[in-house]
$ cat run.cif   # mmCIF, C-alpha atoms and all ligand atoms
data_target
#
loop_
_atom_site.label_atom_id
_atom_site.label_comp_id
_atom_site.auth_asym_id
_atom_site.auth_seq_id
_atom_site.Cartn_x
_atom_site.Cartn_y
_atom_site.Cartn_z
CA MET R 1 0.00 0.00 0.00
CA ARG R 2 1.57 3.35 -0.96
CA ARG R 3 1.03 7.05 -0.12
CA ARG R 4 -1.82 7.70 -2.52
CA ASP R 5 -3.84 4.85 -1.02
CA PHE R 6 -4.38 6.79 2.16
CA VAL R 7 -7.38 9.11 2.10
CA THR R 8 -10.32 9.49 4.45
CA ALA R 9 -14.04 9.93 4.07
CA ALA R 10 -15.01 13.32 5.55
CA GLY R 11 -16.24 13.09 9.17
CA ALA R 12 -15.59 15.45 12.09
CA ALA R 13 -14.21 18.90 11.24
CA GLY R 14 -10.58 17.82 11.81
CA LEU R 15 -11.06 14.83 9.54
CA ALA R 16 -12.73 16.98 6.88
CA LEU R 17 -9.78 19.35 7.20
CA TRP R 18 -7.33 16.51 6.62
CA THR R 19 -9.36 15.02 3.79
CA ARG R 20 -9.68 18.39 2.07
CA GLY R 21 -5.95 18.98 2.56
CA LEU R 22 -5.01 15.52 1.35
CA PHE R 23 -6.89 15.83 -1.93
CA GLU R 24 -4.81 18.92 -2.84
CA GLY R 25 -2.01 17.60 -5.08
CA ALA R 26 -2.62 13.94 -4.06
CA ALA R 27 -4.23 11.75 -6.72
CA ALA R 28 -6.30 9.75 -4.26
CA ALA R 29 -6.92 6.10 -5.27
CA SER R 30 -9.56 5.04 -2.73
CA HIS R 31 -11.52 6.34 0.28
CA SER R 32 -10.41 3.76 2.81
CA ALA R 33 -7.78 4.94 5.22
CA ILE R 34 -6.73 7.43 7.86
CA PRO R 35 -3.74 9.70 7.12
CA PHE R 36 -0.44 8.21 8.26
CA GLY R 37 2.62 10.33 8.97
CA ALA R 38 5.94 10.59 10.73
CA ALA R 39 8.13 13.03 12.65
CA VAL R 40 11.08 14.17 10.58
CA SER R 41 14.63 14.81 11.77
CA ASP R 42 16.03 17.86 9.99
CA GLY R 43 19.62 16.62 9.54
CA PRO R 44 18.85 13.37 7.64
CA LEU R 45 16.11 15.15 5.68
CA GLN R 46 18.86 17.20 4.10
CA THR R 47 21.45 14.44 3.64
CA ASP R 48 19.82 11.01 3.40
CA ALA R 49 18.07 10.25 0.09
CA ALA R 50 16.82 6.86 1.33
CA TYR R 51 15.20 8.65 4.26
CA GLN R 52 13.47 11.13 1.95
CA LYS R 53 12.29 8.23 -0.25
CA ALA R 54 10.84 6.36 2.72
CA LEU R 55 8.93 9.45 3.89
CA ILE R 56 7.49 10.03 0.42
CA GLU R 57 6.64 6.34 -0.02
CA HIS R 58 4.79 5.86 3.27
CA CYS R 59 3.55 9.22 4.56
CA GLN R 60 0.67 11.63 3.85
CA LEU R 61 1.75 14.08 6.50
CA LEU R 62 4.90 15.06 8.32
CA VAL R 63 5.78 16.88 11.55
CA GLY R 64 9.10 18.42 12.57
CA GLU R 65 10.76 16.53 15.42
CA GLY R 66 12.16 19.98 16.16
CA GLY R 67 12.19 23.28 14.32
CA LEU R 68 8.89 24.75 15.59
CA LYS R 69 9.86 24.51 19.26
CA TRP R 70 10.80 27.78 21.01
CA ALA R 71 14.41 26.66 21.48
CA ASP R 72 14.80 26.27 17.69
CA LEU R 73 12.58 29.15 16.55
CA ARG R 74 13.42 31.86 19.08
CA PRO R 75 17.14 32.06 19.99
CA SER R 76 16.51 35.63 21.16
CA PRO R 77 13.41 37.76 21.93
CA SER R 78 13.56 39.59 18.56
CA GLN R 79 14.35 36.57 16.40
CA TYR R 80 12.23 33.98 14.53
CA VAL R 81 14.36 31.37 12.74
CA TYR R 82 12.23 29.45 10.22
CA ASP R 83 14.93 27.47 8.37
CA GLN R 84 13.86 24.05 9.61
CA PRO R 85 10.04 24.40 9.29
CA ASP R 86 10.36 26.14 5.90
CA ARG R 87 12.57 23.30 4.68
CA LEU R 88 10.15 20.65 5.91
CA ILE R 89 6.99 22.30 4.56
CA ALA R 90 8.64 22.80 1.16
CA PHE R 91 9.54 19.08 1.09
CA ALA R 92 6.04 18.10 2.20
CA GLU R 93 4.24 20.29 -0.34
CA ALA R 94 6.57 19.26 -3.16
CA ASN R 95 5.52 15.65 -2.49
CA GLY R 96 1.79 16.17 -1.95
CA MET R 97 2.00 15.80 1.83
CA LYS R 98 0.71 17.93 4.68
CA MET R 99 2.59 19.12 7.76
CA ARG R 100 1.50 19.28 11.42
CA GLY R 101 2.87 21.99 13.74
CA HIS R 102 4.63 20.92 16.96
CA THR R 103 4.43 22.80 19.35
CA LEU R 104 3.36 26.35 20.46
CA ALA R 105 3.37 26.05 24.28
CA TRP R 106 5.53 23.43 25.99
CA TYR R 107 7.55 23.46 29.28
CA ALA R 108 10.63 22.03 27.52
CA ALA R 109 12.89 23.02 24.60
CA MET R 110 12.65 26.65 25.74
CA PRO R 111 15.40 29.28 25.24
CA ASP R 112 16.87 30.68 28.44
CA TRP R 113 15.50 34.21 27.81
CA ALA R 114 11.93 32.87 27.68
CA LEU R 115 12.40 30.89 30.90
CA GLN R 116 13.11 34.23 32.60
CA LEU R 117 9.66 35.63 31.72
CA LYS R 118 8.06 37.13 34.82
CA GLY R 119 4.51 38.19 35.55
CA GLU R 120 1.16 37.92 33.75
CA THR R 121 1.56 40.91 31.41
CA GLU R 122 4.99 40.04 29.97
CA THR R 123 4.29 36.31 29.78
CA SER R 124 0.89 36.60 28.10
CA ARG R 125 2.24 39.19 25.65
CA GLU R 126 5.16 36.94 24.62
CA LEU R 127 2.96 33.82 24.32
CA MET R 128 0.32 35.62 22.25
CA THR R 129 2.84 37.36 19.97
CA HIS R 130 4.67 34.07 19.37
CA ILE R 131 1.51 32.18 18.45
CA GLU R 132 0.09 34.99 16.28
CA THR R 133 3.40 35.25 14.42
CA VAL R 134 4.12 31.55 13.91
CA VAL R 135 0.56 30.31 13.22
CA GLY R 136 -0.03 33.40 11.07
CA ARG R 137 3.03 32.60 8.95
CA TYR R 138 1.79 29.09 8.11
CA LYS R 139 -1.93 29.91 7.95
CA GLY R 140 -3.64 27.60 5.46
CA ARG R 141 -0.45 25.52 5.05
CA ILE R 142 -0.24 23.83 8.49
CA PRO R 143 -3.77 22.42 9.08
CA SER R 144 -3.16 21.02 12.57
CA TRP R 145 -1.21 22.35 15.59
CA ASP R 146 -0.13 20.89 18.93
CA VAL R 147 -1.08 24.12 20.66
CA VAL R 148 -0.28 22.90 24.19
CA ASN R 149 2.10 19.99 24.80
CA GLU R 150 2.45 17.97 28.03
CA ALA R 151 0.32 20.19 30.30
CA LEU R 152 -0.10 17.36 32.82
CA SER R 153 2.46 17.04 35.62
CA ASP R 154 4.58 13.92 35.94
CA ASP R 155 6.20 14.24 39.34
CA GLY R 156 4.22 11.91 41.57
CA PRO R 157 1.04 9.91 42.08
CA ARG R 158 -1.18 13.03 41.98
CA VAL R 159 -1.47 14.30 38.38
CA GLY R 160 -2.14 18.02 38.12
CA LEU R 161 -0.96 20.98 36.06
CA ARG R 162 2.73 20.71 35.15
CA ASP R 163 5.03 23.44 36.41
CA SER R 164 6.28 25.56 33.54
CA VAL R 165 7.15 29.18 32.81
CA TRP R 166 3.60 29.35 31.43
CA SER R 167 1.73 27.92 34.42
CA ALA R 168 4.03 29.69 36.89
CA ASN R 169 3.04 33.10 35.50
CA LEU R 170 -0.47 32.46 34.13
CA GLY R 171 -1.78 29.40 35.95
CA GLU R 172 -4.01 27.07 33.90
CA TYR R 173 -5.22 30.17 32.00
CA TYR R 174 -2.12 29.87 29.72
CA ILE R 175 -3.94 27.02 28.00
CA ASP R 176 -7.02 29.21 27.36
CA LEU R 177 -4.80 32.01 26.06
CA ALA R 178 -2.81 29.72 23.76
CA PHE R 179 -5.91 28.14 22.18
CA HIS R 180 -7.85 31.39 21.75
CA THR R 181 -4.79 33.04 20.18
CA ALA R 182 -4.21 30.09 17.82
CA ARG R 183 -7.89 30.05 16.86
CA ALA R 184 -7.78 33.76 15.99
CA ALA R 185 -4.54 33.30 14.01
CA ASP R 186 -5.92 30.45 11.86
CA PRO R 187 -9.70 29.87 12.18
CA ALA R 188 -9.49 26.67 10.06
CA ALA R 189 -6.63 24.88 11.80
CA GLN R 190 -7.24 21.79 13.97
CA LEU R 191 -6.18 22.76 17.51
CA VAL R 192 -4.78 19.91 19.58
CA ILE R 193 -3.86 19.37 23.23
CA ASN R 194 -1.12 16.74 23.23
CA ASP R 195 0.14 14.51 26.06
CA TYR R 196 1.74 11.17 26.91
CA GLY R 197 1.22 8.22 29.25
CA LEU R 198 -2.51 7.85 28.48
CA GLU R 199 -2.45 4.27 27.10
CA ALA R 200 -1.13 1.69 29.58
CA ALA R 201 -2.82 -0.69 32.04
CA THR R 202 -1.11 0.99 35.02
CA ALA R 203 -2.30 3.09 37.97
CA LYS R 204 -0.17 5.98 36.72
CA SER R 205 -1.66 5.91 33.23
CA SER R 206 -5.15 5.60 34.70
CA ALA R 207 -4.53 8.68 36.87
CA ARG R 208 -3.31 10.57 33.81
CA ARG R 209 -6.45 9.66 31.84
CA ARG R 210 -8.62 10.92 34.71
CA ALA R 211 -6.57 14.15 35.01
CA MET R 212 -6.81 14.75 31.25
CA LEU R 213 -10.59 14.27 31.26
CA ASP R 214 -10.93 16.70 34.19
CA LEU R 215 -8.75 19.25 32.36
CA LEU R 216 -10.72 18.86 29.12
CA ARG R 217 -14.00 19.35 31.01
CA ARG R 218 -12.71 22.56 32.62
CA LEU R 219 -11.55 23.84 29.23
CA ARG R 220 -14.88 22.94 27.62
CA ASP R 221 -16.74 24.71 30.41
CA ARG R 222 -14.63 27.83 29.70
CA ASP R 223 -15.31 27.53 25.91
CA VAL R 224 -11.62 27.07 25.14
CA PRO R 225 -11.43 26.06 21.43
CA VAL R 226 -9.67 22.73 21.90
CA GLN R 227 -10.67 20.51 18.98
CA ALA R 228 -8.76 17.32 19.54
CA LEU R 229 -6.69 15.28 22.00
CA GLY R 230 -3.31 14.02 20.81
CA PHE R 231 -2.14 10.66 22.18
CA GLN R 232 1.64 10.89 21.99
CA ALA R 233 1.69 7.10 22.48
CA HIS R 234 5.34 6.55 23.34
CA LEU R 235 4.33 3.02 24.38
CA PRO R 236 6.42 1.26 27.07
CA GLY R 237 6.97 -2.13 25.40
CA ASN R 238 6.78 -4.00 28.72
CA GLU R 239 3.38 -2.53 29.67
CA GLU R 240 0.05 -3.89 28.37
CA ILE R 241 -2.34 -1.44 26.71
CA ASP R 242 -5.57 -1.14 28.75
CA LYS R 243 -7.88 -1.56 25.73
CA ASP R 244 -11.16 -1.27 27.66
CA GLU R 245 -10.05 1.77 29.64
CA VAL R 246 -8.60 3.47 26.56
CA SER R 247 -11.83 2.85 24.62
CA ARG R 248 -13.88 4.23 27.52
CA PHE R 249 -11.52 7.23 27.73
CA VAL R 250 -11.79 7.90 23.97
CA SER R 251 -15.55 7.62 24.22
CA ASP R 252 -15.59 10.23 27.03
CA VAL R 253 -13.38 12.51 24.92
CA LYS R 254 -15.66 12.08 21.90
CA ASP R 255 -18.71 12.82 24.06
CA MET R 256 -17.16 16.25 24.65
CA GLY R 257 -17.22 16.82 20.88
CA LEU R 258 -13.45 16.36 20.53
CA ASP R 259 -11.53 14.31 17.99
CA VAL R 260 -8.52 12.17 18.81
CA LEU R 261 -5.30 11.52 16.92
CA VAL R 262 -2.07 9.63 17.54
CA THR R 263 0.83 12.09 17.32
CA GLU R 264 4.16 10.50 18.42
CA LEU R 265 3.75 6.72 18.22
CA ASP R 266 6.74 4.49 18.96
CA VAL R 267 7.51 1.57 21.27
CA ILE R 268 10.08 1.95 24.05
CA ASP R 269 11.83 -1.43 23.77
CA ASP R 270 14.62 -1.21 26.35
CA GLN R 271 12.87 -3.74 28.62
CA LEU R 272 11.89 -6.11 25.80
CA PRO R 273 13.69 -9.38 24.89
CA ALA R 274 16.83 -9.00 22.75
CA ASP R 275 15.54 -11.46 20.12
CA ILE R 276 14.56 -9.23 17.22
CA LYS R 277 11.65 -11.37 15.94
CA GLU R 278 10.14 -11.59 19.43
CA ARG R 279 10.78 -7.92 20.20
CA ASP R 280 9.25 -6.68 16.93
CA ALA R 281 6.22 -8.91 17.46
CA ILE R 282 5.61 -7.48 20.95
CA ALA R 283 6.02 -3.92 19.62
CA ALA R 284 3.50 -4.58 16.84
CA LYS R 285 1.10 -6.11 19.38
CA ARG R 286 1.23 -2.98 21.57
CA VAL R 287 0.58 -0.74 18.56
CA GLY R 288 -2.28 -2.97 17.36
CA ALA R 289 -3.86 -2.92 20.82
CA LEU R 290 -3.77 0.88 21.04
CA LEU R 291 -5.10 1.50 17.53
CA GLY R 292 -7.75 -1.17 18.07
CA ALA R 293 -8.88 0.47 21.33
CA ILE R 294 -9.26 3.82 19.57
CA LEU R 295 -10.81 2.43 16.38
CA ASP R 296 -13.40 0.50 18.39
CA VAL R 297 -14.83 3.93 19.25
CA THR R 298 -13.82 6.36 16.51
CA ARG R 299 -11.49 7.18 13.61
CA PRO R 300 -8.41 9.05 14.77
CA THR R 301 -7.91 12.06 12.46
CA ALA R 302 -4.32 10.92 11.88
CA VAL R 303 -1.75 8.37 13.04
CA VAL R 304 1.79 9.74 13.28
CA THR R 305 4.90 7.87 14.40
CA TRP R 306 7.77 9.73 16.09
CA GLY R 307 10.19 8.97 13.28
CA ILE R 308 9.87 6.39 10.50
CA THR R 309 13.06 4.30 10.73
CA ASP R 310 15.04 2.81 13.65
CA ARG R 311 18.04 4.55 12.05
CA TYR R 312 16.89 7.96 13.36
CA THR R 313 15.10 7.94 16.74
CA TRP R 314 15.21 9.78 20.08
CA VAL R 315 14.67 6.55 22.05
CA PRO R 316 18.33 5.67 22.80
CA ILE R 317 18.78 9.17 24.30
CA TRP R 318 16.63 8.06 27.25
CA TYR R 319 16.07 4.31 26.85
CA LYS R 320 19.35 2.84 25.64
CA ARG R 321 19.29 -0.97 25.98
CA ALA R 322 21.54 -2.36 28.71
CA ASP R 323 22.48 -5.25 26.41
CA GLY R 324 23.90 -2.82 23.83
CA HIS R 325 21.45 -3.93 21.15
CA ALA R 326 20.05 -1.09 19.03
CA ASN R 327 16.57 0.08 19.90
CA ARG R 328 13.83 -0.85 17.41
CA PRO R 329 10.93 1.57 18.26
CA LEU R 330 9.67 2.45 14.77
CA PRO R 331 7.77 0.93 11.79
CA LEU R 332 10.79 0.60 9.46
CA ASP R 333 14.12 -0.96 10.50
CA GLU R 334 17.47 0.81 10.09
CA ASP R 335 17.57 -0.33 6.43
CA TYR R 336 14.04 0.98 5.74
CA ARG R 337 12.53 -2.51 5.61
CA GLU R 338 8.91 -2.75 6.80
CA LYS R 339 8.52 -4.35 10.24
CA PRO R 340 5.44 -6.09 11.67
CA MET R 341 4.60 -2.71 13.28
CA MET R 342 4.17 -1.02 9.88
CA ARG R 343 1.91 -3.82 8.66
CA THR R 344 -0.14 -3.57 11.84
CA ILE R 345 -0.52 0.21 11.44
CA LYS R 346 -1.51 -0.08 7.77
CA GLN R 347 -4.02 -2.85 8.39
CA ALA R 348 -5.53 -0.96 11.32
CA ILE R 349 -6.01 2.35 9.57
CA ALA R 350 -6.79 0.98 6.10
CA GLY R 351 -9.63 -1.09 7.55
CA ALA R 352 -11.10 1.83 9.50
O1 LIG A 401 20.12 21.15 16.99
C1 LIG A 401 21.01 21.06 18.08
C2 LIG A 401 22.45 20.98 17.55
O2 LIG A 401 22.77 22.22 16.92
C3 LIG A 401 23.38 20.73 18.72
O3 LIG A 401 24.70 20.55 18.22
C4 LIG A 401 22.93 19.43 19.44
C5 LIG A 401 23.82 19.11 20.62
O4 LIG A 401 23.35 19.70 21.78
O5 LIG A 401 21.56 19.60 19.92
C6 LIG A 401 20.68 19.77 18.84
O6 LIG A 401 19.42 19.97 19.36
C7 LIG A 401 18.82 18.76 19.85
C8 LIG A 401 17.50 18.53 19.08
O7 LIG A 401 16.81 17.40 19.64
C9 LIG A 401 17.74 18.25 17.61
O8 LIG A 401 18.37 17.04 17.45
C10 LIG A 401 18.49 19.00 21.33
O9 LIG A 401 19.71 19.08 22.05
C11 LIG A 401 17.67 17.82 21.86
O10 LIG A 401 17.20 18.12 23.18
C12 LIG A 401 16.41 17.65 20.98
O11 LIG A 401 15.76 16.52 21.47
C13 LIG A 401 14.39 16.47 21.03
C14 LIG A 401 13.50 16.57 22.30
O12 LIG A 401 12.12 16.33 21.92
C15 LIG A 401 13.55 17.96 22.92
O13 LIG A 401 13.08 18.93 21.99
C16 LIG A 401 14.21 15.09 20.40
O14 LIG A 401 14.93 15.05 19.14
C17 LIG A 401 12.73 14.83 20.11
O15 LIG A 401 12.54 13.49 19.66
C18 LIG A 401 11.93 15.03 21.41
O16 LIG A 401 10.56 14.88 21.07
C19 LIG A 401 9.64 14.94 22.16
C20 LIG A 401 8.39 15.68 21.68
O17 LIG A 401 8.74 16.95 21.21
C21 LIG A 401 7.38 15.77 22.79
N1 LIG A 401 7.08 14.44 23.34
C22 LIG A 401 8.22 13.60 23.73
C23 LIG A 401 9.22 13.52 22.57
C24 LIG A 401 10.39 12.63 22.94
O18 LIG A 401 11.11 13.19 24.02
#

$ encode --input "run.cif" --output "structure tokens"
Amino acid sequence: MRRRDFVTAAGAAGLALWTRGLFEGAAAASHSAIPFGAAVSDGPLQTDAAYQKALIEHCQLLVGEGGLKWADLRPSPSQYVYDQPDRLIAFAEANGMKMRGHTLAWYAAMPDWALQLKGETETSRELMTHIETVVGRYKGRIPSWDVVNEALSDDGPRVGLRDSVWSANLGEYYIDLAFHTARAADPAAQLVINDYGLEAATAKSSARRRAMLDLLRRLRDRDVPVQALGFQAHLPGNEEIDKDEVSRFVSDVKDMGLDVLVTELDVIDDQLPADIKERDAIAAKRVGALLGAILDVTRPTAVVTWGITDRYTWVPIWYKRADGHANRPLPLDEDYREKPMMRTIKQAIAGA
């Protein structure tokens, strides 16, 4: 199955957005699948032809692994450096693909000057100006944004609002401000709140699902224009997916009128057996369980993996295997051969 096979019948607004976007420049073959995409690493995009070929062959949409984060975009208060995102969107458009924007308000990957922001006035001005400027620049070209990334805390059993320069100066209201500003900057863009650790059959993941639902309800009650929830889905390979709980969670999210999408899918395999066949089979099983749990309730508006090949992945930065074997978190191996995970993804979303 190749790139042009992936199009989607119009559904919720986000889906319609994707579908509309996908038809532009993409000679669609059939109306059977959900858009598939991958995060792109800027270095190899410029130097590795096999990498470019794999992205074109398999993806309908791309997202910058970096490039649109404050640390990359804003080295100083007066500067906006668009080299990376301009490069990626040019590559995407030249090959009939779309690009997602990641991310407008995150606690991490922040330049030092922005971490010094103090007080409501200065902080809200900088956040609004940044979002107006960046979303405005790509208006009509980036149809979906991770407006707020990783708002939930991760420092103990109680899951609340994560400490950040944004929450420290604006409280939870920074989320309202970010979404309203993004909505004004591009009225047609899909606006996503994105987070991790929402998939597993663990007490921690269960607490995070509850905290996310509570947050979404508060935002809905304040008419904050959140349109969709992004499952990052960095799946711990040694943890089962709680299919029933995830389906119930997705159903609760849908009942609030929100879409869901998978934004950073990969399998953390540092605790999995060394045997490659066994390890790849477990990774594919985790991915199949998650997509199945979502698809039992609704169509995700997109499924995006955090990279496409084991050759280029963030996983060894944090989850290097003790046995020295290379990590295998992604759908293609280091030589761009399809793994069971890619077949599982394609079967899941093609059959949707
Ligand atoms: O570009 C600089 C380079 O100039 C410099 O020489 C080099 C050495 O310090 O650093 C390079 O920047 C690195 C950047 O990746 C590009 O490779 C940063 O140090 C490094 O921190 C950054 O890591 C990224 C991380 O987010 C932080 O932004 C990872 O590639 C990326 O996979 C990871 O992605 C996050 C998502 O955004 C949010 N969810 C979790 C996910 C995984 O952590």

$ atom_distance --input "run.cif" --atom1 "atom CA of Glu278 of chain R" --atom2 "atom CA of Ser206 of chain R"
27.6 Å

$ residues_near_point --input "run.cif" --point "(-3.3, 10.6, 16.2)" --cutoff "9 Å" --atoms "only C-alpha atoms" --output "list of chain:residue names"
R:Phe36, R:Leu229, R:Gly230, R:Phe231, R:Gln232, R:Ala233, R:Val260, R:Leu261, R:Val262, R:Thr263, R:Glu264, R:Leu265, R:Pro300, R:Thr301, R:Ala302, R:Val303, R:Val304, R:Thr305

$ residues_near_ligand --input "run.cif" --ligand "ligand LIG 401 (chain A)" --cutoff "10 Å" --atoms "only C-alpha atoms and all ligand atoms" --output "compact mmCIF listing (two decimals) with C-alpha atoms, keeping the file's coordinate frame"
# COMPACT_ATOMS: atom_id res chain seq x y z
CA ALA R 39 8.13 13.03 12.65
CA VAL R 40 11.08 14.17 10.58
CA SER R 41 14.63 14.81 11.77
CA ASP R 42 16.03 17.86 9.99
CA GLY R 43 19.62 16.62 9.54
CA GLY R 64 9.10 18.42 12.57
CA GLU R 65 10.76 16.53 15.42
CA GLY R 66 12.16 19.98 16.16
CA GLY R 67 12.19 23.28 14.32
CA LEU R 68 8.89 24.75 15.59
CA LYS R 69 9.86 24.51 19.26
CA TRP R 70 10.80 27.78 21.01
CA ALA R 71 14.41 26.66 21.48
CA ASP R 72 14.80 26.27 17.69
CA HIS R 102 4.63 20.92 16.96
CA THR R 103 4.43 22.80 19.35
CA TRP R 106 5.53 23.43 25.99
CA ALA R 108 10.63 22.03 27.52
CA ALA R 109 12.89 23.02 24.60
CA MET R 110 12.65 26.65 25.74
CA ASP R 146 -0.13 20.89 18.93
CA ASN R 149 2.10 19.99 24.80
CA GLU R 150 2.45 17.97 28.03
CA ASN R 194 -1.12 16.74 23.23
CA ASP R 195 0.14 14.51 26.06
CA TYR R 196 1.74 11.17 26.91
CA GLN R 232 1.64 10.89 21.99
CA ALA R 233 1.69 7.10 22.48
CA HIS R 234 5.34 6.55 23.34
CA THR R 263 0.83 12.09 17.32
CA GLU R 264 4.16 10.50 18.42
CA LEU R 265 3.75 6.72 18.22
CA ASP R 266 6.74 4.49 18.96
CA TRP R 306 7.77 9.73 16.09
CA GLY R 307 10.19 8.97 13.28
CA TYR R 312 16.89 7.96 13.36
CA THR R 313 15.10 7.94 16.74
CA TRP R 314 15.21 9.78 20.08
CA VAL R 315 14.67 6.55 22.05
CA ILE R 317 18.78 9.17 24.30
CA TRP R 318 16.63 8.06 27.25

$ atom_distance --input "run.cif" --atom1 "atom CA of Asp221 of chain R" --atom2 "atom CA of Gly197 of chain R"
24.4 Å

$ residues_near_point --input "run.cif" --point "(7.9, -4.9, 11.1)" --cutoff "12 Å" --atoms "all atoms listed in the file" --output "number ranges by chain"
R: 276-285, 287, 308-310, 328-346

$ write_last_selection --input "run.cif" --atoms "C-alpha atoms" --output "PDB file, in the frame of the given file"
ATOM      1  CA  ILE R 276      14.560  -9.230  17.220  1.00  0.00           C
ATOM      2  CA  LYS R 277      11.650 -11.370  15.940  1.00  0.00           C
ATOM      3  CA  GLU R 278      10.140 -11.590  19.430  1.00  0.00           C
ATOM      4  CA  ARG R 279      10.780  -7.920  20.200  1.00  0.00           C
ATOM      5  CA  ASP R 280       9.250  -6.680  16.930  1.00  0.00           C
ATOM      6  CA  ALA R 281       6.220  -8.910  17.460  1.00  0.00           C
ATOM      7  CA  ILE R 282       5.610  -7.480  20.950  1.00  0.00           C
ATOM      8  CA  ALA R 283       6.020  -3.920  19.620  1.00  0.00           C
ATOM      9  CA  ALA R 284       3.500  -4.580  16.840  1.00  0.00           C
ATOM     10  CA  LYS R 285       1.100  -6.110  19.380  1.00  0.00           C
ATOM     11  CA  VAL R 287       0.580  -0.740  18.560  1.00  0.00           C
ATOM     12  CA  ILE R 308       9.870   6.390  10.500  1.00  0.00           C
ATOM     13  CA  THR R 309      13.060   4.300  10.730  1.00  0.00           C
ATOM     14  CA  ASP R 310      15.040   2.810  13.650  1.00  0.00           C
ATOM     15  CA  ARG R 328      13.830  -0.850  17.410  1.00  0.00           C
ATOM     16  CA  PRO R 329      10.930   1.570  18.260  1.00  0.00           C
ATOM     17  CA  LEU R 330       9.670   2.450  14.770  1.00  0.00           C
ATOM     18  CA  PRO R 331       7.770   0.930  11.790  1.00  0.00           C
ATOM     19  CA  LEU R 332      10.790   0.600   9.460  1.00  0.00           C
ATOM     20  CA  ASP R 333      14.120  -0.960  10.500  1.00  0.00           C
ATOM     21  CA  GLU R 334      17.470   0.810  10.090  1.00  0.00           C
ATOM     22  CA  ASP R 335      17.570  -0.330   6.430  1.00  0.00           C
ATOM     23  CA  TYR R 336      14.040   0.980   5.740  1.00  0.00           C
ATOM     24  CA  ARG R 337      12.530  -2.510   5.610  1.00  0.00           C
ATOM     25  CA  GLU R 338       8.910  -2.750   6.800  1.00  0.00           C
ATOM     26  CA  LYS R 339       8.520  -4.350  10.240  1.00  0.00           C
ATOM     27  CA  PRO R 340       5.440  -6.090  11.670  1.00  0.00           C
ATOM     28  CA  MET R 341       4.600  -2.710  13.280  1.00  0.00           C
ATOM     29  CA  MET R 342       4.170  -1.020   9.880  1.00  0.00           C
ATOM     30  CA  ARG R 343       1.910  -3.820   8.660  1.00  0.00           C
ATOM     31  CA  THR R 344      -0.140  -3.570  11.840  1.00  0.00           C
ATOM     32  CA  ILE R 345      -0.520   0.210  11.440  1.00  0.00           C
ATOM     33  CA  LYS R 346      -1.510  -0.080   7.770  1.00  0.00           C
TER      34      LYS R 346
END

$ atom_distance --input "run.cif" --atom1 "atom CA of Glu132 of chain R" --atom2 "atom CA of Val226 of chain R"
16.6 Å

$ closest_residue --input "run.cif" --among "R:Leu272, R:Val297, R:Ala352, R:Val135" --to "His325 of chain R" --atoms "all atoms listed in the file"
R:Leu272

$ residues_around --input "run.cif" --residues "segment 57-59 of chain R" --least-positions-apart "3" --cutoff "8 Å" --atoms "all atoms listed in the file" --output "number ranges by chain"
R: 2-3, 35-38, 53-54, 62, 97

$ closest_residue --input "run.cif" --among "R:Asp163, R:Asp155, R:Asp223, R:Asp259" --to "Asp176 of chain R" --atoms "all atoms listed in the file"
R:Asp223

$ residues_around --input "run.cif" --residues "Ile89 of chain R" --least-positions-apart "2" --cutoff "9 Å" --atoms "all atoms listed in the file" --output "list of chain:residue names"
R:Leu62, R:Val63, R:Gln84, R:Pro85, R:Asp86, R:Arg87, R:Phe91, R:Ala92, R:Glu93, R:Ala94, R:Met97, R:Lys98, R:Met99, R:Arg141, R:Ile142

$ axis_aligned_box --input "run.cif" --around "segment 49-58 of chain R" --padding-each-side "5 Å" --output "lines of an AutoDock Vina configuration file"
center_x = 11.4
center_y = 8.5
center_z = 2.0
size_x = 23.3
size_y = 15.3
size_z = 14.5

$ residues_around --input "run.cif" --residues "segment 119-126 of chain R" --least-positions-apart "2" --cutoff "8 Å" --atoms "all atoms listed in the file" --output "JSON, numbers by chain"
{"R": [117, 128, 129, 130, 166, 169, 170, 174, 177]}
